[in-house]
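Text of the file target-v3.cif, holding mmCIF, C-alpha atoms:
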data_work
#
loop_
_atom_site.label_atom_id
_atom_site.label_comp_id
_atom_site.auth_asym_id
_atom_site.auth_seq_id
_atom_site.Cartn_x
_atom_site.Cartn_y
_atom_site.Cartn_z
CA THR A 1 147.37 64.05 33.83
CA ILE A 2 147.16 67.32 35.75
CA LEU A 3 150.12 69.73 35.79
CA HIS A 4 150.61 72.05 38.77
CA ASP A 5 151.86 75.63 38.46
CA LEU A 6 151.74 76.97 42.04
CA PRO A 7 152.75 80.50 43.11
CA LEU A 8 155.77 79.56 45.25
CA PHE A 9 159.08 80.47 43.57
CA TYR A 10 162.67 81.25 44.37
CA ASP A 11 163.22 84.77 45.67
CA MET A 12 165.44 85.90 42.80
CA ASP A 13 166.92 88.85 44.75
CA ALA A 14 168.06 86.46 47.48
CA PHE A 15 169.19 83.94 44.86
CA ALA A 16 171.36 86.59 43.19
CA ALA A 17 172.95 87.27 46.60
CA GLY A 18 173.80 83.59 47.00
CA ARG A 19 171.02 82.75 49.44
CA HIS A 20 168.34 80.07 49.14
CA LYS A 21 164.97 81.63 49.87
CA LEU A 22 161.41 81.03 48.70
CA LYS A 23 158.76 83.63 48.01
CA PHE A 24 155.00 83.03 47.94
CA HIS A 25 153.02 85.23 45.54
CA ALA A 26 149.56 85.49 47.07
CA GLU A 27 148.44 87.78 44.24
CA LEU A 28 148.84 84.95 41.72
CA PRO A 29 146.42 82.06 41.27
CA SER A 30 147.29 78.40 41.39
CA ARG A 31 147.20 77.05 37.83
CA PHE A 32 146.37 73.48 36.83
CA GLY A 33 146.87 72.09 33.34
CA VAL A 34 144.56 69.23 32.34
CA VAL A 35 146.41 67.05 29.82
CA PRO A 36 144.27 64.61 27.75
CA ARG A 37 145.33 60.98 27.91
CA HIS A 38 144.89 60.59 24.15
CA GLY A 39 145.23 64.05 22.69
CA THR A 40 147.53 66.74 21.38
CA PRO A 41 149.40 69.57 23.14
CA GLU A 42 146.84 72.00 21.71
CA GLN A 43 144.13 70.29 23.76
CA ILE A 44 145.74 71.04 27.12
CA ARG A 45 143.37 73.17 29.23
CA TRP A 46 144.54 75.49 32.01
CA PHE A 47 142.41 76.32 35.05
CA GLU A 48 142.94 78.85 37.84
CA ALA A 49 142.22 78.39 41.54
CA LYS A 50 142.99 80.07 44.86
CA PRO A 51 146.71 80.52 45.60
CA SER A 52 148.03 77.46 47.40
CA TYR A 53 150.89 75.03 47.60
CA MET A 54 150.92 71.27 48.07
CA TYR A 55 153.09 68.20 47.77
CA HIS A 56 150.65 65.39 47.05
CA VAL A 57 147.44 64.57 45.18
CA SER A 58 145.19 61.73 46.33
CA ASN A 59 143.46 61.00 43.00
CA ALA A 60 141.78 62.59 39.97
CA TRP A 61 138.92 61.33 37.80
CA GLU A 62 136.23 62.38 35.34
CA GLU A 63 132.59 63.08 36.25
CA ASP A 64 129.53 64.22 34.30
CA ASP A 65 128.77 67.83 35.21
CA GLY A 66 125.01 67.22 34.82
CA GLN A 67 124.73 69.46 31.76
CA GLY A 68 126.35 67.36 29.09
CA GLY A 69 129.91 68.30 30.02
CA THR A 70 132.80 66.76 31.90
CA GLU A 71 134.41 67.79 35.17
CA ILE A 72 137.84 66.67 36.28
CA VAL A 73 137.74 66.10 40.04
CA MET A 74 141.03 66.19 41.96
CA THR A 75 141.61 65.64 45.67
CA GLY A 76 144.78 66.43 47.57
CA THR A 77 146.35 67.77 50.74
CA PRO A 78 147.57 71.37 50.35
CA PHE A 79 149.13 73.38 53.14
CA ARG A 80 146.72 75.27 55.35
CA MET A 81 147.23 78.85 54.23
CA PRO A 82 148.25 81.20 57.07
CA LEU A 83 146.15 84.37 57.15
CA ASP A 84 147.01 87.91 58.18
CA ALA A 85 144.94 90.21 60.40
CA HIS A 86 142.62 90.93 57.46
CA PHE A 87 142.07 87.20 56.78
CA GLN A 88 144.10 87.37 53.59
CA PRO A 89 146.91 84.94 52.70
CA ASP A 90 150.02 85.87 54.68
CA ALA A 91 152.56 85.71 51.84
CA ALA A 92 155.55 86.57 54.04
CA ARG A 93 154.82 83.90 56.64
CA PHE A 94 154.02 81.02 54.31
CA PRO A 95 157.58 80.20 53.07
CA LYS A 96 158.75 80.16 56.69
CA LEU A 97 156.37 77.29 57.42
CA LEU A 98 158.16 75.17 54.84
CA ALA A 99 161.60 76.26 56.00
CA ASN A 100 160.74 75.41 59.62
CA LEU A 101 159.07 72.11 58.68
CA GLU A 102 155.77 73.27 60.19
CA HIS A 103 153.37 70.76 58.74
CA ASP A 104 149.71 71.79 58.75
CA PHE A 105 147.54 70.48 55.93
CA VAL A 106 143.90 70.24 54.86
CA PHE A 107 142.11 67.70 52.69
CA TYR A 108 140.81 69.54 49.62
CA GLU A 109 138.90 69.12 46.35
CA TRP A 110 139.13 70.95 43.01
CA ARG A 111 136.66 70.57 40.12
CA PHE A 112 137.76 71.68 36.65
CA ASN A 113 134.82 71.99 34.25
CA LEU A 114 135.90 71.26 30.68
CA ARG A 115 132.62 72.66 29.32
CA THR A 116 132.72 76.06 31.05
CA GLY A 117 136.43 76.44 31.81
CA GLN A 118 135.60 77.27 35.43
CA THR A 119 137.04 75.90 38.66
CA ARG A 120 135.12 74.98 41.79
CA GLU A 121 136.98 74.14 44.97
CA ARG A 122 136.15 73.24 48.54
CA VAL A 123 137.66 72.10 51.81
CA ILE A 124 136.85 68.46 52.48
CA ASP A 125 138.34 68.49 55.98
CA ASP A 126 140.34 71.18 57.78
CA ILE A 127 140.07 69.66 61.26
CA VAL A 128 142.37 66.64 60.95
CA ASN A 129 145.96 67.45 59.98
CA GLN A 130 146.57 64.84 57.25
CA GLU A 131 149.00 64.38 54.37
CA PHE A 132 150.69 61.74 52.16
CA PRO A 133 147.41 60.34 50.78
CA VAL A 134 147.24 56.90 49.22
CA ILE A 135 144.47 55.02 47.44
CA ASN A 136 143.90 51.56 46.05
CA SER A 137 146.24 52.14 43.11
CA TRP A 138 144.14 49.95 40.82
CA MET A 139 141.53 52.74 41.11
CA GLN A 140 143.86 55.51 39.98
CA GLY A 141 142.07 57.73 37.48
CA HIS A 142 138.68 56.33 38.53
CA LYS A 143 136.31 57.80 41.09
CA THR A 144 137.40 56.68 44.53
CA ARG A 145 135.47 56.65 47.75
CA TYR A 146 138.40 56.19 50.15
CA SER A 147 141.69 57.93 50.78
CA TRP A 148 144.12 56.74 53.43
CA ASN A 149 146.25 59.61 54.69
CA LEU A 150 148.95 60.05 57.29
CA LEU A 151 148.07 61.79 60.54
CA MET A 152 150.59 64.58 60.97
CA GLY A 153 152.13 65.50 64.32
CA ARG A 154 153.00 69.01 65.38
CA LEU A 155 156.56 70.26 65.26
CA ASN A 156 158.21 69.59 68.62
CA ARG A 157 161.66 68.16 67.90
CA PRO A 158 164.46 68.77 65.41
CA GLU A 159 163.96 65.38 63.76
CA GLU A 160 161.04 65.56 61.37
CA PRO A 161 158.57 64.70 59.96
CA ARG A 162 156.30 63.39 62.68
CA PHE A 163 153.81 60.99 61.16
CA CYS A 164 151.79 60.00 64.21
CA GLY A 165 149.08 57.73 62.77
CA LEU A 166 146.66 56.99 59.97
CA VAL A 167 143.46 58.52 58.63
CA ARG A 168 140.78 56.71 56.61
CA TYR A 169 138.61 59.25 54.79
CA ASP A 170 135.25 58.19 53.35
CA LEU A 171 134.32 60.73 50.66
CA GLU A 172 130.86 59.22 50.17
CA ARG A 173 129.87 59.66 53.81
CA ASP A 174 132.12 62.69 54.34
CA ARG A 175 133.68 61.33 57.51
CA CYS A 176 136.97 59.92 58.69
CA THR A 177 138.38 57.57 61.29
CA THR A 178 141.89 57.87 62.68
CA TYR A 179 144.42 55.71 64.48
CA HIS A 180 147.00 57.19 66.83
CA GLU A 181 149.15 54.91 68.96
CA GLY A 182 150.63 57.44 71.34
CA ILE A 183 153.38 60.02 71.24
CA HIS A 184 156.20 57.46 71.15
CA LYS A 185 155.11 55.68 67.95
CA TRP A 186 156.04 57.26 64.61
CA PHE A 187 154.85 56.01 61.24
CA GLY A 188 156.06 55.92 57.66
CA GLU A 189 153.96 56.15 54.53
CA ALA A 190 151.60 53.15 54.44
CA PRO A 191 150.70 52.11 50.87
CA PHE A 192 147.59 50.09 50.07
CA ALA A 193 148.06 46.38 49.39
CA PRO A 194 144.94 44.85 47.75
CA LYS A 195 143.76 41.43 48.84
CA ASP A 196 143.98 38.62 46.31
CA GLY A 197 140.77 38.70 44.27
CA TRP A 198 139.64 41.98 45.85
CA GLN A 199 136.09 43.08 45.07
CA LYS A 200 135.52 46.30 47.02
CA GLU A 201 137.72 49.36 46.89
CA ASP A 202 138.86 48.90 50.50
CA ASP A 203 139.49 45.14 50.28
CA GLY A 204 143.09 45.24 51.33
CA TYR A 205 145.68 46.33 53.84
CA LEU A 206 147.85 49.30 54.70
CA VAL A 207 151.46 48.19 55.11
CA GLY A 208 154.04 50.53 56.57
CA PHE A 209 156.87 51.00 59.02
CA VAL A 210 156.51 52.14 62.62
CA TRP A 211 159.33 53.35 64.87
CA ASP A 212 158.73 52.56 68.55
CA GLU A 213 160.77 55.07 70.49
CA LEU A 214 160.34 53.29 73.82
CA LYS A 215 161.50 49.93 72.49
CA GLN A 216 164.03 51.54 70.16
CA ALA A 217 162.84 49.22 67.41
CA SER A 218 161.17 49.38 64.00
CA PHE A 219 158.22 47.27 62.97
CA VAL A 220 156.23 46.57 59.84
CA ALA A 221 152.63 47.28 60.81
CA ILE A 222 149.75 45.85 58.77
CA PHE A 223 146.26 47.36 59.07
CA ASP A 224 142.92 46.21 57.71
CA ALA A 225 142.18 49.09 55.32
CA ALA A 226 138.45 48.80 56.05
CA ASP A 227 138.94 49.32 59.80
CA ILE A 228 142.17 51.06 60.74
CA ALA A 229 140.75 52.07 64.15
CA MET A 230 141.16 48.49 65.42
CA GLY A 231 144.94 48.86 65.14
CA PRO A 232 147.43 46.61 63.38
CA VAL A 233 146.30 43.08 62.56
CA ALA A 234 149.98 42.10 62.45
CA ARG A 235 153.25 43.64 63.59
CA ILE A 236 156.64 42.32 62.44
CA ARG A 237 159.86 43.46 64.06
CA VAL A 238 162.61 44.35 61.60
CA PRO A 239 166.30 43.89 62.50
CA GLN A 240 167.34 47.50 61.89
CA ARG A 241 165.83 50.89 62.42
CA VAL A 242 163.81 52.38 59.56
CA PRO A 243 163.58 56.18 59.98
CA HIS A 244 160.07 57.44 60.60
CA GLY A 245 158.71 59.27 57.59
CA PHE A 246 160.09 56.59 55.28
CA HIS A 247 158.34 56.43 51.87
CA ALA A 248 157.59 53.20 50.05
CA PRO A 249 155.20 51.81 47.41
CA TRP A 250 153.54 48.40 47.55
CA VAL A 251 154.52 45.91 44.85
CA SER A 252 153.06 42.39 44.88
CA ALA A 253 155.24 39.31 44.35
CA ASP A 254 153.27 38.55 41.18
CA ARG A 255 154.04 41.97 39.77
CA LEU A 256 157.71 41.63 40.66
CA GLN A 257 157.84 38.33 38.81
CA ARG A 258 156.19 39.89 35.75
CA GLY A 259 158.71 42.72 35.87
CA ARG A 260 156.14 45.46 35.32
#

Could you express the structure from this file as structure tokens?
Amino acid sequence: TILHDLPLFYDMDAFAAGRHKLKFHAELPSRFGVVPRHGTPEQIRWFEAKPSYMYHVSNAWEEDDGQGGTEIVMTGTPFRMPLDAHFQPDAARFPKLLANLEHDFVFYEWRFNLRTGQTRERVIDDIVNQEFPVINSWMQGHKTRYSWNLLMGRLNRPEEPRFCGLVRYDLERDRCTTYHEGIHKWFGEAPFAPKDGWQKEDDGYLVGFVWDELKQASFVAIFDAADIAMGPVARIRVPQRVPHGFHAPWVSADRLQRGR
């Protein structure tokens, strides 16, 4: 488990005056606590990284650091940090992005070295605006090659968020493919549904809701997770509207029957 201590807090002066306001502290690092699965509180290790803020992690796993130690690798989708005229984090502007629902994210990697106590971090992709990552959940905690993320639309209407498509990121080849169905189709989070007897990490489907603004109808859209660019392999109309941006997990019928 990795705990997040990120430098975005309530503005206590505004709070004391009865106002809700956030304040980003660009002078503080992001802190991540690595909690052992089978350990004691004394074994928790804290690591520092560049100041940032994010909602969602894609996955985290252990790797050999090549020198007899262990690195914890974590991938996620933090906000793109706005910069001032001196290319430093613009602390005053950042909370306004959240307040105005301006969604601009990057795909990112952190490496926490348990041997040295040091952090390495890098941008995986800052071209495609992507968030709400999902993986094959059976691979959680293991090294994953693929992350399926939502393609984020720009702010242009009061009703948000604007999830405008899907992204399939291949970490091994360091490339992605996207699917965007036009400006009148808005998606919800699309969890991964593994095929029966799956063998490869991407043997499965992405299953999520789509709101078609022109038809004024919601659909369940099913994508082949190995090739999202071909579009949905099935589309099922649902009798009532499901708001775009809807979140949902995937639970198989077998798991429902087992009750866990």

Counting only C-alpha atoms, note down every residue that has an atom within 6 Å of the point (142.3, 69.8, 52.4) (file coordinates), as a list in words.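 I get Thr77, Pro78, Val106, Phe107, Tyr108, Val123, Ile124, Asp125 and Asp126 of chain A for the residues within 6 Å of that point.
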
Could you check the closest approach to Tyr53 of chain A for each of A:Leu150, A:Ile228, A:Leu28, A:Val238 and tell me which residue wins, using all atoms listed in the file?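 So, comparing all the options, the nearest one is A:Leu28.
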
Go ahead and compute the interatomic distance for atom CA of Leu151 of chain A and atom CA of Val128 of chain A, in Å to one decimal.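 Atom CA of Val128 of chain A lies at a distance of 7.5 Å from atom CA of Leu151 of chain A.
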
Considering all atoms listed in the file, state which residue in the set A:Leu166, A:Ala248, A:Leu6, A:Met152 is at the smallest distance from Lys50 of chain A. A:Leu6

Starting from the displayed file, determine the output of the PyMOL selection byres ((chain A and resi 179-186) around 7) and express the residue list as a VMD selection string. chain A and resid 162 to 167 178 187 210 to 214 228 to 229 231 244

Written as an NGL selection string, which residues does the PyMOL selection byres ((chain A and resi 74) around 9) give for the file shown? :A and (2 or 57-61 or 72-73 or 75-76 or 108-112)

Is there a way to complete segment 19-30 of chain A with all heavy atoms and then write that out as a compact mmCIF listing (two decimals), in the coordinates of the input?
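Final output, saved to rebuild_10.txt:
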# COMPACT_ATOMS: atom_id res chain seq x y z
N ARG A 19 171.81 83.34 48.36
CA ARG A 19 171.02 82.75 49.44
C ARG A 19 169.85 81.96 48.86
O ARG A 19 169.29 82.32 47.82
CB ARG A 19 170.48 83.84 50.37
CG ARG A 19 171.57 84.56 51.15
CD ARG A 19 171.00 85.54 52.17
NE ARG A 19 170.35 86.67 51.52
CZ ARG A 19 169.05 86.96 51.64
NH1 ARG A 19 168.27 86.18 52.36
NH2 ARG A 19 168.54 88.00 51.02
N HIS A 20 169.50 80.89 49.53
CA HIS A 20 168.34 80.07 49.14
C HIS A 20 167.13 80.56 49.92
O HIS A 20 167.09 80.47 51.15
CB HIS A 20 168.61 78.60 49.44
CG HIS A 20 167.43 77.72 49.18
ND1 HIS A 20 167.12 77.23 47.92
CD2 HIS A 20 166.47 77.24 50.00
CE1 HIS A 20 166.03 76.50 48.00
NE2 HIS A 20 165.62 76.48 49.25
N LYS A 21 166.16 81.09 49.21
CA LYS A 21 164.97 81.63 49.87
C LYS A 21 163.79 81.48 48.92
O LYS A 21 163.92 81.66 47.71
CB LYS A 21 165.20 83.11 50.22
CG LYS A 21 164.05 83.75 50.98
CD LYS A 21 164.36 85.23 51.28
CE LYS A 21 163.21 85.90 51.99
NZ LYS A 21 163.48 87.35 52.22
N LEU A 22 162.63 81.16 49.49
CA LEU A 22 161.41 81.03 48.70
C LEU A 22 160.52 82.24 48.92
O LEU A 22 160.57 82.90 49.96
CB LEU A 22 160.65 79.76 49.08
CG LEU A 22 161.37 78.44 48.81
CD1 LEU A 22 160.55 77.28 49.35
CD2 LEU A 22 161.64 78.27 47.33
N LYS A 23 159.69 82.52 47.92
CA LYS A 23 158.76 83.63 48.01
C LYS A 23 157.40 83.18 47.51
O LYS A 23 157.30 82.61 46.41
CB LYS A 23 159.26 84.82 47.18
CG LYS A 23 158.40 86.08 47.32
CD LYS A 23 159.03 87.26 46.58
CE LYS A 23 158.22 88.53 46.78
NZ LYS A 23 158.84 89.69 46.07
N PHE A 24 156.37 83.40 48.32
CA PHE A 24 155.00 83.03 47.94
C PHE A 24 154.30 84.27 47.38
O PHE A 24 154.33 85.34 48.00
CB PHE A 24 154.23 82.49 49.14
CG PHE A 24 152.86 81.97 48.78
CD1 PHE A 24 152.72 80.75 48.15
CD2 PHE A 24 151.72 82.69 49.08
CE1 PHE A 24 151.49 80.25 47.81
CE2 PHE A 24 150.47 82.21 48.75
CZ PHE A 24 150.35 80.99 48.11
N HIS A 25 153.69 84.11 46.22
CA HIS A 25 153.02 85.23 45.54
C HIS A 25 151.51 85.06 45.69
O HIS A 25 150.84 84.44 44.86
CB HIS A 25 153.42 85.26 44.06
CG HIS A 25 154.88 85.51 43.84
ND1 HIS A 25 155.39 86.77 43.60
CD2 HIS A 25 155.94 84.67 43.86
CE1 HIS A 25 156.71 86.69 43.46
NE2 HIS A 25 157.06 85.43 43.62
N ALA A 26 150.98 85.65 46.77
CA ALA A 26 149.56 85.49 47.07
C ALA A 26 148.66 86.18 46.05
O ALA A 26 147.46 85.90 45.98
CB ALA A 26 149.25 86.04 48.47
N GLU A 27 149.25 87.08 45.25
CA GLU A 27 148.44 87.78 44.24
C GLU A 27 148.24 86.94 42.98
O GLU A 27 147.44 87.31 42.10
CB GLU A 27 149.11 89.12 43.89
CG GLU A 27 150.35 89.01 43.01
CD GLU A 27 151.62 88.64 43.77
OE1 GLU A 27 151.51 88.36 44.99
OE2 GLU A 27 152.70 88.63 43.15
N LEU A 28 148.95 85.82 42.88
CA LEU A 28 148.84 84.95 41.72
C LEU A 28 147.95 83.75 42.03
O LEU A 28 147.94 83.26 43.16
CB LEU A 28 150.22 84.46 41.28
CG LEU A 28 151.23 85.51 40.85
CD1 LEU A 28 152.56 84.84 40.49
CD2 LEU A 28 150.70 86.31 39.66
N PRO A 29 147.23 83.26 41.04
CA PRO A 29 146.42 82.06 41.27
C PRO A 29 147.28 80.80 41.18
O PRO A 29 148.38 80.81 40.64
CB PRO A 29 145.41 82.10 40.12
CG PRO A 29 146.17 82.74 39.00
CD PRO A 29 147.05 83.78 39.66
N SER A 30 146.76 79.72 41.73
CA SER A 30 147.29 78.40 41.39
C SER A 30 146.77 78.05 40.00
O SER A 30 145.62 78.35 39.66
CB SER A 30 146.80 77.34 42.39
OG SER A 30 147.31 77.60 43.67
